[in-house]
Amino acid sequence: MPKPVIAGNWKMNGNRALLLDMVAALSRMNNSSKVVMCVPYSLLQTLEESAQNSKIGIGSQNVHQEVSGAYTGEVSVEQLKEFNVQYCIVGHSERRKFFQEDNELISKKVKRLLQSAIHPILCIGETLEEREIGDEQIIVCNQLTEGLKDIAFDDLRRCIVAYEPVWAIGTGKTATPDQANEMHQFIRGQLVGLTNAAIAAEIPILYGGSVKGSNAREMLAKSDIDGALVGGASLQLEDFKSIILSAQN
Ligand code: PGA
C-alpha cells in the first residue's frame, strides 16, 4: 500500500498570512502521511521558504505544457522547479471546464512534469449527468488512459491519481466511502492494465470532493483510498489537521 498522501488544493484562495500560519502549524504535527500543499503560483516562494525545514511537499495547481516561449500569463516546469515544486495538479475538473483542457493537452502536461521529475497529480472524474446515465467508468477510464498515454513504467510509478467526481467538488455532497472505493478499485484495475500489478499497487489513488475532518476517517479507511485531495477544507487549519490525522497508517 502506498504511503497516504493528503494534498491541499487552495485553488484561487488564500494569502501569505494564512499560508505562513498553516505551514507553521502543520510543521509541528507528527504525522505519517505525506502532506502536500498546492497553492497559487504567487504563493510558491512563500511556501518554499516557510516549509524549508518541514516535510511538507510543495505543489502547484497547473503548469504549461511547453518548455518556454510566447505564452503570456503561463508558467513553465523549469520555473516551478526554481521554487522546488515537487507535485503538480493536472487536469482538475475546473481546468477541464473553464479552460477547455482536454485529455490530449493534459497528457502533454503530465509528460512535461515527469521529464522534470515533478509528480503529476492527475485528476479524473465524471459529472453528475455522466453518472446518471451510467457512463462513469467509461469517462474515468478514458481520462486515465489518455492522460497517462505513452508513459514508461518507471515514470508511471511517480504519478498520483486523484478521483474527483465532479458532482462532489465544492458541493458538500461526498461520494459514499463504498461508492468511492468501488471506483478506486476500478481505477486500480485499469492501472494494472497500463502497467502491472506491482506498479499499480504503488500508485496512490486519492479521493477528492468535499472531504472534511468529519468524513475523512471513514473514507481513508477504505482498501483502495490512499489519500485525499482537499479543496475548501485545506484552507481551514483545524479541519485540514484533522484530515491529516485521519490518514495515519
Ligand atoms: P472540495 O474540492 O474539497 O472543496 O470539494 C476538491 C478539489 O476540487 O480538489
# chains A, B, ... in the order shown; residues from 1 in each chain; ligands from 1
>>> residues_near_ligand(ligand="ligand 1", cutoff="10 Å", atoms="only C-alpha atoms and all ligand atoms", output="number ranges by chain")
A: 7-11, 38, 61, 89, 92-94, 123, 162-174, 207-212, 228-235
>>> closest_atom_pairs(of="segment 58-146 of chain A", to="segment 186-197 of chain A", cutoff="8 Å", atoms="only C-alpha atoms", output="JSON lines")
{"residue": "A:Gln137", "atom": "CA", "partner": "A:Phe186", "partner_atom": "CA", "distance": 7.7}
{"residue": "A:Val140", "atom": "CA", "partner": "A:Ile187", "partner_atom": "CA", "distance": 7.7}
{"residue": "A:Cys141", "atom": "CA", "partner": "A:Gln190", "partner_atom": "CA", "distance": 7.0}
{"residue": "A:Leu144", "atom": "CA", "partner": "A:Ile187", "partner_atom": "CA", "distance": 8.0}
{"residue": "A:Thr145", "atom": "CA", "partner": "A:Leu194", "partner_atom": "CA", "distance": 7.6}
>>> write_last_selection(atoms="N, CA and C atoms", output="mmCIF file, in the first residue's frame")
data_model
loop_
_atom_site.group_PDB
_atom_site.id
_atom_site.type_symbol
_atom_site.label_atom_id
_atom_site.label_comp_id
_atom_site.auth_asym_id
_atom_site.auth_seq_id
_atom_site.Cartn_x
_atom_site.Cartn_y
_atom_site.Cartn_z
ATOM 1 N N GLN A 137 -17.704 4.868 -15.448
ATOM 2 C CA GLN A 137 -16.471 4.087 -15.646
ATOM 3 C C GLN A 137 -15.838 4.387 -17.008
ATOM 4 N N VAL A 140 -14.068 7.824 -16.677
ATOM 5 C CA VAL A 140 -12.889 7.747 -15.816
ATOM 6 C C VAL A 140 -11.774 6.955 -16.514
ATOM 7 N N CYS A 141 -12.145 5.871 -17.149
ATOM 8 C CA CYS A 141 -11.159 5.034 -17.849
ATOM 9 C C CYS A 141 -10.511 5.831 -18.984
ATOM 10 N N LEU A 144 -8.175 8.511 -17.625
ATOM 11 C CA LEU A 144 -6.969 7.900 -17.052
ATOM 12 C C LEU A 144 -6.026 7.417 -18.160
ATOM 13 N N THR A 145 -6.563 6.643 -19.079
ATOM 14 C CA THR A 145 -5.679 6.047 -20.090
ATOM 15 C C THR A 145 -5.158 7.111 -21.062
#
>>> atom_distance(atom1="atom CA of Asp21 of chain A", atom2="atom CA of Cys88 of chain A")
22.3 Å
>>> residues_around(residues="His64 of chain A", least_positions_apart="6", cutoff="12 Å", atoms="only C-alpha atoms", output="ChimeraX atom specification")
/A:70-80,88-91,101,105-113
>>> write_last_selection(atoms="C-alpha atoms", output="mmCIF file, in the first residue's frame")
data_model
loop_
_atom_site.group_PDB
_atom_site.id
_atom_site.type_symbol
_atom_site.label_atom_id
_atom_site.label_comp_id
_atom_site.auth_asym_id
_atom_site.auth_seq_id
_atom_site.Cartn_x
_atom_site.Cartn_y
_atom_site.Cartn_z
ATOM 1 C CA ALA A 70 5.478 33.423 -26.023
ATOM 2 C CA TYR A 71 2.664 32.220 -23.747
ATOM 3 C CA THR A 72 1.666 35.322 -21.812
ATOM 4 C CA GLY A 73 0.459 34.548 -18.324
ATOM 5 C CA GLU A 74 1.681 30.961 -18.288
ATOM 6 C CA VAL A 75 4.319 29.251 -16.126
ATOM 7 C CA SER A 76 6.747 26.526 -17.218
ATOM 8 C CA VAL A 77 8.009 23.445 -15.457
ATOM 9 C CA GLU A 78 11.509 24.880 -15.102
ATOM 10 C CA GLN A 79 10.037 27.989 -13.477
ATOM 11 C CA LEU A 80 8.202 25.770 -10.997
ATOM 12 C CA CYS A 88 1.571 19.491 -9.663
ATOM 13 C CA ILE A 89 -2.162 19.013 -10.129
ATOM 14 C CA VAL A 90 -3.079 18.308 -13.750
ATOM 15 C CA GLY A 91 -6.480 18.012 -15.368
ATOM 16 C CA GLU A 101 -8.379 21.429 -21.160
ATOM 17 C CA LEU A 105 -3.370 18.600 -23.522
ATOM 18 C CA ILE A 106 -3.416 17.052 -20.055
ATOM 19 C CA SER A 107 -1.266 14.180 -21.272
ATOM 20 C CA LYS A 108 1.323 16.678 -22.612
ATOM 21 C CA LYS A 109 1.434 18.367 -19.215
ATOM 22 C CA VAL A 110 1.868 15.028 -17.446
ATOM 23 C CA LYS A 111 4.801 14.154 -19.702
ATOM 24 C CA ARG A 112 6.427 17.559 -19.283
ATOM 25 C CA LEU A 113 6.235 17.271 -15.492
#
>>> select_by_dssp(residues="segment 81-122 of chain A", states="helix (DSSP H, G or I)", output="VMD selection string")
chain A and resid 81 93 to 98 103 to 115
>>> select_by_dssp(residues="segment 13-211 of chain A", states="strand (DSSP E)", output="PDB file with N, CA and C atoms, in the first residue's frame")
ATOM      1  N   LYS A  34       2.004  11.792   3.834  1.00  0.00           N
ATOM      2  CA  LYS A  34       2.710  12.852   3.104  1.00  0.00           C
ATOM      3  C   LYS A  34       1.740  14.005   2.902  1.00  0.00           C
ATOM      4  N   VAL A  35       2.090  15.177   3.378  1.00  0.00           N
ATOM      5  CA  VAL A  35       1.224  16.338   3.214  1.00  0.00           C
ATOM      6  C   VAL A  35       1.790  17.215   2.102  1.00  0.00           C
ATOM      7  N   VAL A  36       0.931  17.575   1.179  1.00  0.00           N
ATOM      8  CA  VAL A  36       1.338  18.409   0.046  1.00  0.00           C
ATOM      9  C   VAL A  36       0.414  19.619   0.000  1.00  0.00           C
ATOM     10  N   MET A  37       0.982  20.785  -0.253  1.00  0.00           N
ATOM     11  CA  MET A  37       0.123  21.963  -0.404  1.00  0.00           C
ATOM     12  C   MET A  37       0.258  22.514  -1.814  1.00  0.00           C
ATOM     13  N   CYS A  38      -0.862  22.533  -2.519  1.00  0.00           N
ATOM     14  CA  CYS A  38      -0.875  23.055  -3.892  1.00  0.00           C
ATOM     15  C   CYS A  38      -1.465  24.455  -3.842  1.00  0.00           C
ATOM     16  N   GLY A  57       5.213  18.865   1.250  1.00  0.00           N
ATOM     17  CA  GLY A  57       5.537  18.843  -0.171  1.00  0.00           C
ATOM     18  C   GLY A  57       5.029  20.115  -0.835  1.00  0.00           C
ATOM     19  N   ILE A  58       5.817  20.624  -1.771  1.00  0.00           N
ATOM     20  CA  ILE A  58       5.449  21.867  -2.445  1.00  0.00           C
ATOM     21  C   ILE A  58       4.735  21.536  -3.747  1.00  0.00           C
ATOM     22  N   GLY A  59       3.520  22.059  -3.873  1.00  0.00           N
ATOM     23  CA  GLY A  59       2.715  21.697  -5.038  1.00  0.00           C
ATOM     24  C   GLY A  59       2.172  22.905  -5.779  1.00  0.00           C
ATOM     25  N   SER A  60       2.070  22.740  -7.100  1.00  0.00           N
ATOM     26  CA  SER A  60       1.460  23.748  -7.950  1.00  0.00           C
ATOM     27  C   SER A  60       0.091  23.221  -8.387  1.00  0.00           C
ATOM     28  N   TYR A  87       5.257  18.547  -6.755  1.00  0.00           N
ATOM     29  CA  TYR A  87       3.964  17.978  -7.150  1.00  0.00           C
ATOM     30  C   TYR A  87       3.201  19.013  -7.976  1.00  0.00           C
ATOM     31  N   CYS A  88       2.396  18.542  -8.892  1.00  0.00           N
ATOM     32  CA  CYS A  88       1.571  19.491  -9.663  1.00  0.00           C
ATOM     33  C   CYS A  88       0.246  18.837 -10.051  1.00  0.00           C
ATOM     34  N   ILE A  89      -0.833  19.495  -9.720  1.00  0.00           N
ATOM     35  CA  ILE A  89      -2.162  19.013 -10.129  1.00  0.00           C
ATOM     36  C   ILE A  89      -2.304  19.202 -11.641  1.00  0.00           C
ATOM     37  N   VAL A  90      -2.843  18.210 -12.299  1.00  0.00           N
ATOM     38  CA  VAL A  90      -3.079  18.308 -13.750  1.00  0.00           C
ATOM     39  C   VAL A  90      -4.494  17.799 -14.039  1.00  0.00           C
ATOM     40  N   HIS A 119       6.034  15.181  -9.574  1.00  0.00           N
ATOM     41  CA  HIS A 119       4.956  14.185  -9.546  1.00  0.00           C
ATOM     42  C   HIS A 119       3.656  14.812 -10.049  1.00  0.00           C
ATOM     43  N   PRO A 120       3.084  14.322 -11.142  1.00  0.00           N
ATOM     44  CA  PRO A 120       1.777  14.841 -11.543  1.00  0.00           C
ATOM     45  C   PRO A 120       0.685  14.244 -10.628  1.00  0.00           C
ATOM     46  N   ILE A 121      -0.274  15.074 -10.259  1.00  0.00           N
ATOM     47  CA  ILE A 121      -1.467  14.564  -9.569  1.00  0.00           C
ATOM     48  C   ILE A 121      -2.581  14.662 -10.612  1.00  0.00           C
ATOM     49  N   LEU A 122      -2.817  13.572 -11.307  1.00  0.00           N
ATOM     50  CA  LEU A 122      -3.775  13.585 -12.422  1.00  0.00           C
ATOM     51  C   LEU A 122      -5.199  13.427 -11.890  1.00  0.00           C
ATOM     52  N   CYS A 123      -6.029  14.446 -12.132  1.00  0.00           N
ATOM     53  CA  CYS A 123      -7.413  14.409 -11.650  1.00  0.00           C
ATOM     54  C   CYS A 123      -8.330  13.841 -12.728  1.00  0.00           C
ATOM     55  N   ILE A 124      -9.184  12.933 -12.308  1.00  0.00           N
ATOM     56  CA  ILE A 124     -10.165  12.339 -13.216  1.00  0.00           C
ATOM     57  C   ILE A 124     -11.495  12.236 -12.466  1.00  0.00           C
ATOM     58  N   ILE A 160       0.511  10.287  -9.379  1.00  0.00           N
ATOM     59  CA  ILE A 160      -0.550  10.157  -8.378  1.00  0.00           C
ATOM     60  C   ILE A 160      -1.853  10.383  -9.138  1.00  0.00           C
ATOM     61  N   VAL A 161      -2.860   9.599  -8.829  1.00  0.00           N
ATOM     62  CA  VAL A 161      -4.163   9.784  -9.479  1.00  0.00           C
ATOM     63  C   VAL A 161      -5.133  10.309  -8.428  1.00  0.00           C
ATOM     64  N   ALA A 162      -5.962  11.270  -8.797  1.00  0.00           N
ATOM     65  CA  ALA A 162      -6.998  11.733  -7.868  1.00  0.00           C
ATOM     66  C   ALA A 162      -8.353  11.520  -8.524  1.00  0.00           C
ATOM     67  N   TYR A 163      -9.179  10.694  -7.889  1.00  0.00           N
ATOM     68  CA  TYR A 163     -10.548  10.516  -8.376  1.00  0.00           C
ATOM     69  C   TYR A 163     -11.426  11.567  -7.710  1.00  0.00           C
ATOM     70  N   ILE A 205      -3.913   6.472  -5.137  1.00  0.00           N
ATOM     71  CA  ILE A 205      -5.168   6.960  -5.721  1.00  0.00           C
ATOM     72  C   ILE A 205      -5.891   7.740  -4.625  1.00  0.00           C
ATOM     73  N   LEU A 206      -5.977   9.056  -4.817  1.00  0.00           N
ATOM     74  CA  LEU A 206      -6.587   9.924  -3.807  1.00  0.00           C
ATOM     75  C   LEU A 206      -8.054  10.138  -4.139  1.00  0.00           C
ATOM     76  N   TYR A 207      -8.849  10.363  -3.123  1.00  0.00           N
ATOM     77  CA  TYR A 207     -10.246  10.753  -3.355  1.00  0.00           C
ATOM     78  C   TYR A 207     -10.362  12.261  -3.132  1.00  0.00           C
ATOM     79  N   GLY A 208     -11.136  12.922  -3.947  1.00  0.00           N
ATOM     80  CA  GLY A 208     -11.379  14.348  -3.753  1.00  0.00           C
ATOM     81  C   GLY A 208     -12.832  14.685  -4.008  1.00  0.00           C
TER      82      GLY A 208
END
>>> residues_around(residues="Pro2 of chain A", least_positions_apart="5", cutoff="7 Å", atoms="only C-alpha atoms", output="list in words")
Glu202, Ile203, Pro204 and Asp226 of chain A
>>> write_last_selection(atoms="N, CA and C atoms", output="PDB file, in the first residue's frame")
ATOM      1  N   GLU A 202       1.478   0.488  -6.210  1.00  0.00           N
ATOM      2  CA  GLU A 202       2.316   1.564  -5.639  1.00  0.00           C
ATOM      3  C   GLU A 202       1.764   2.957  -5.924  1.00  0.00           C
ATOM      4  N   ILE A 203       0.904   3.073  -6.936  1.00  0.00           N
ATOM      5  CA  ILE A 203       0.433   4.406  -7.341  1.00  0.00           C
ATOM      6  C   ILE A 203      -0.682   4.877  -6.396  1.00  0.00           C
ATOM      7  N   PRO A 204      -0.463   6.000  -5.692  1.00  0.00           N
ATOM      8  CA  PRO A 204      -1.510   6.450  -4.782  1.00  0.00           C
ATOM      9  C   PRO A 204      -2.743   6.927  -5.567  1.00  0.00           C
ATOM     10  N   ASP A 226      -6.088   5.939  -1.010  1.00  0.00           N
ATOM     11  CA  ASP A 226      -4.732   6.128  -0.472  1.00  0.00           C
ATOM     12  C   ASP A 226      -4.461   7.561  -0.034  1.00  0.00           C
TER      13      ASP A 226
END
>>> atom_distance(atom1="atom CA of Ser223 of chain A", atom2="atom CA of Asn181 of chain A")
7.2 Å
